[in-house]
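Take a look at the structure set out below.
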Amino acid sequence: MKTKNRYGVLAAGMLIQLCAGIIYMWSVFKGPVANHLEWSPSEASLTSSIMLAAFVLGIIIGGRAQDKAGPKFVTLGGSVLTGLGMILTAFVTTQAPRLVYLSYGIIGGFGVGVLYTATVSVIQKWFPDRRGFATGFMVGAFGFSLVIFAPLTTKLLAENGVPFTFISFGIAFLIICAACSLYLENPPEGFNPSGVAASNAAVAQKQYTTAEMLKTPAFYLIALSMLFILPAYFILNPIFMTLGEERGLSQEMAVLGVMITGIASASGRILTSWVSDLLGRRKAVFGIIFITLIAILAMIYAQGTMFIVCIAAIAFAFGGSASVYPAITADNFGTKNIGLNYGCVMVGFGISALVFPLISNSLVKSGSYTASFLLAAGCCLISFVLVLFQKKM
């Protein structure tokens with residue numbers, strides 16, 4: 001039986017990630033959806049946190065399913081859920097606006113989590129020699145989604161309304177992701193990329209089960225360091241559009257800012273993975289921490305263009321973490337059970353996404369986010385210490 005071209009698998013996964021990345025665009029959807037449903041903006045904002053929690057749950061359950069059944073049918077199921085979540089959102093009415101939590105947040109978020117973990121896990125197995133490179137391009141497509149879909153979404157919402165926009169995206173993503181999922185499969189047992197020495201392609205390392213991984217200190221150091229790297233992004237993401245306008249951006253510039261953060265996030269995913277392959281995972285993670293720390297402190301006073309520069313830097317670092325942590329997980333615990341193992345690491349992501357926006361909201365005084373930004377800066381320092389204690393990075 002002929003082995004698939006691993007770059008074809010990478011391309012199919014990237015297309016899926018490109019479609020799935022729209023789930024991060026709630027800051028663009030939130031205003032028009034709240035107006036359409038005559039819904040409180042503060043309640044509408046909760047959709048993002050619910051979606052991220054469902055996203056992590058999808059990663060865990062989808063990762064387990066991918067390890068057992070392979071990526072093809074798992075991504076097909078994730079495609080259906082993602083498309084269904086978007087389509088059902090179109091039918092939510094003013095009588096029950098909180099159903100958006102279920103359609104977009106839980107169903108859509110869970111579906112995207114399944115797609116995310118299946119594509120990232122399978123590519124780890126096809127590129128044992130270039131894990132950082134392959135993961136970077138895979139999740140880079142996820143980040144680049146904002147660049148393509150932010151202006152298109154804004155245009156569709158303004159000209160055609162909320163229901164048409166969600167139905168159009170839901171049907172398109174269902175078709176594209178389902179078609180690409182049919183090409184995904186794990187490499188054959190003992191796969192060795194052409195031209196790569198077997199000793200380099202399949203490093204003799206223990207293939208940890210999830211139960212074994214959870215007994216190691218390394219797992220907790222990795223998951224906690226991820227948790228404390230990300231608060232800056234999660235605090236800013238739901239309020240980017242509104243805070244940007246308060247800091248001197250026009251609505252058009254705020255939308256452009258969303259696109260720029262997409263470019264920055266995608267760039268961070270690709271460049272950080274390359275740096276991690278070249279210089280080591282630890283140095284790459286230290287770079288992420290340093291960039292986030294400087295940018296979130298500057299955000300206290302940033303106005304206008306500098307605001308966009310700071311948010312882009314934080315998005316770059318956030319994207320970098322998305323590319324380097326799957327490789328760190330595989331380096332430490334092997335690829336056999338990478339789906340569920342990385343899903344467990346992503347619990348740190350989920351906790352950060354849920355907890356820190358809530359803490360931030362409680363710290364805001366008279367519209368000032370200074371205390372929130374200082375909290376995020378302190379978290380960067382905690383993450384730095386946790387990374388120092390990690391032995392295999």
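Residues are referred to by chain and number: the chain letter is A, B, ... according to the order shown in the structure tokens, the number counts from 1 in that chain, and ligands are numbered separately from 1 in the order shown.
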Leaving out A:Thr94 and any residue of its chain fewer than 6 positions from it, which residues lie within 9 Å of it when counting only C-alpha atoms, given as JSON, numbers by chain? {"A": [36, 37, 38, 39]}
Skip stretch 177-193 of chain A itself and residues of its chain fewer than 5 positions away, then list as a PyMOL selection string all residues within 6 Å of it, counting only C-alpha atoms. chain A and resi 9+12+16+71-72+75-76+79+122+201
Run DSSP on the backbone of this structure and report the residues of stretch 141-302 of chain A it assigns to helix (DSSP H, G or I), as a PyMOL selection string. chain A and resi 141-160+162-181+198-201+210-213+217-229+231-246+251-279+281-298
Restricting the output to C-alpha atoms, write the selected residues as a compact mmCIF listing (two decimals), in the first residue's frame.
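Result went into selection.txt, see below:
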# COMPACT_ATOMS: atom_id res chain seq x y z
CA ALA A 141 -3.40 28.40 9.45
CA PHE A 142 -5.65 28.57 12.52
CA GLY A 143 -4.27 32.02 13.36
CA PHE A 144 -4.34 33.21 9.73
CA SER A 145 -8.09 32.61 9.70
CA LEU A 146 -8.58 36.05 11.26
CA VAL A 147 -6.78 37.74 8.38
CA ILE A 148 -9.10 36.24 5.78
CA PHE A 149 -12.39 36.15 7.63
CA ALA A 150 -12.38 39.36 9.73
CA PRO A 151 -13.07 41.71 6.79
CA LEU A 152 -15.34 39.17 5.07
CA THR A 153 -17.35 38.67 8.27
CA THR A 154 -17.68 42.41 8.84
CA LYS A 155 -18.92 42.89 5.27
CA LEU A 156 -21.40 40.01 5.41
CA LEU A 157 -22.80 41.08 8.78
CA ALA A 158 -23.28 44.67 7.57
CA GLU A 159 -24.80 43.81 4.18
CA ASN A 160 -26.63 40.51 4.77
CA VAL A 162 -26.46 37.75 11.23
CA PRO A 163 -28.53 34.72 10.07
CA PHE A 164 -27.19 34.75 6.50
CA THR A 165 -23.59 35.10 7.72
CA PHE A 166 -23.76 32.15 10.10
CA ILE A 167 -25.60 29.89 7.65
CA SER A 168 -23.10 30.69 4.88
CA PHE A 169 -20.07 30.01 7.08
CA GLY A 170 -21.61 26.90 8.60
CA ILE A 171 -22.37 25.25 5.24
CA ALA A 172 -19.04 26.26 3.68
CA PHE A 173 -16.97 25.04 6.63
CA LEU A 174 -18.88 21.79 6.87
CA ILE A 175 -18.20 20.97 3.22
CA ILE A 176 -14.52 22.03 3.22
CA CYS A 177 -13.58 20.39 6.53
CA ALA A 178 -15.45 17.16 5.77
CA ALA A 179 -13.77 16.85 2.37
CA CYS A 180 -10.30 17.46 3.83
CA SER A 181 -10.89 15.03 6.69
CA ALA A 198 15.82 5.99 11.32
CA SER A 199 17.69 6.85 14.49
CA ASN A 200 16.71 10.49 14.06
CA ALA A 201 13.15 9.92 12.85
CA THR A 210 -1.95 9.38 29.92
CA ALA A 211 -2.07 7.72 33.35
CA GLU A 212 1.73 7.50 33.37
CA MET A 213 2.10 11.09 32.20
CA PRO A 217 6.23 16.38 37.63
CA ALA A 218 7.01 17.37 34.02
CA PHE A 219 3.34 17.28 33.06
CA TYR A 220 2.34 19.76 35.77
CA LEU A 221 5.24 22.08 35.01
CA ILE A 222 4.28 22.10 31.31
CA ALA A 223 0.53 22.59 31.87
CA LEU A 224 1.02 25.28 34.54
CA SER A 225 3.60 27.18 32.49
CA MET A 226 1.06 27.28 29.63
CA LEU A 227 -1.65 28.46 32.02
CA PHE A 228 0.44 31.42 33.22
CA ILE A 229 1.77 32.46 29.80
CA PRO A 231 -3.63 35.48 30.65
CA ALA A 232 -2.57 38.63 28.76
CA TYR A 233 -4.18 37.34 25.57
CA PHE A 234 -7.33 36.05 27.23
CA ILE A 235 -7.88 39.30 29.14
CA LEU A 236 -7.57 41.37 25.97
CA ASN A 237 -9.23 39.17 23.37
CA PRO A 238 -12.91 39.71 24.34
CA ILE A 239 -12.45 43.49 24.73
CA PHE A 240 -10.10 44.23 21.85
CA MET A 241 -12.62 46.05 19.65
CA THR A 242 -14.19 48.12 22.43
CA LEU A 243 -10.92 48.89 24.23
CA GLY A 244 -9.26 49.76 20.93
CA GLU A 245 -11.93 52.38 20.22
CA GLU A 246 -11.49 53.76 23.74
CA GLN A 251 -14.09 51.22 14.07
CA GLU A 252 -12.34 50.60 10.73
CA MET A 253 -8.93 50.65 12.43
CA ALA A 254 -10.22 48.28 15.10
CA VAL A 255 -11.25 45.78 12.42
CA LEU A 256 -7.86 46.25 10.76
CA GLY A 257 -6.33 45.60 14.17
CA VAL A 258 -8.14 42.26 14.36
CA MET A 259 -6.61 41.34 10.98
CA ILE A 260 -3.17 42.41 12.18
CA THR A 261 -3.49 40.25 15.29
CA GLY A 262 -4.37 37.35 12.98
CA ILE A 263 -1.21 37.94 10.97
CA ALA A 264 0.81 38.25 14.18
CA SER A 265 -0.70 35.08 15.64
CA ALA A 266 -0.04 33.10 12.47
CA SER A 267 3.51 34.47 12.27
CA GLY A 268 4.13 33.57 15.89
CA ARG A 269 2.98 30.01 15.29
CA ILE A 270 5.31 29.56 12.33
CA LEU A 271 8.39 31.49 13.52
CA THR A 272 8.35 30.23 17.11
CA SER A 273 8.16 26.63 15.93
CA TRP A 274 11.13 27.24 13.64
CA VAL A 275 13.10 28.82 16.50
CA SER A 276 12.21 25.91 18.79
CA ASP A 277 13.56 23.39 16.25
CA LEU A 278 16.71 25.47 15.72
CA LEU A 279 17.55 26.76 19.22
CA ARG A 281 12.04 24.65 23.06
CA ARG A 282 13.17 26.41 26.25
CA LYS A 283 14.61 29.44 24.45
CA ALA A 284 11.50 29.67 22.31
CA VAL A 285 9.25 29.70 25.39
CA PHE A 286 11.45 32.28 27.13
CA GLY A 287 11.03 34.47 24.04
CA ILE A 288 7.24 34.13 24.26
CA ILE A 289 7.29 35.11 27.93
CA PHE A 290 9.55 38.12 27.37
CA ILE A 291 7.46 39.48 24.47
CA THR A 292 4.23 39.09 26.43
CA LEU A 293 5.67 40.73 29.55
CA ILE A 294 6.94 43.84 27.72
CA ALA A 295 3.78 44.23 25.63
CA ILE A 296 1.30 43.88 28.49
CA LEU A 297 3.18 46.45 30.59
CA ALA A 298 3.25 48.85 27.63
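Comparing A:Ser321, A:Thr335, A:Ser42, A:Thr89 by their smallest distance to A:Ile123, the closest is A:Thr335 (using only C-alpha atoms).
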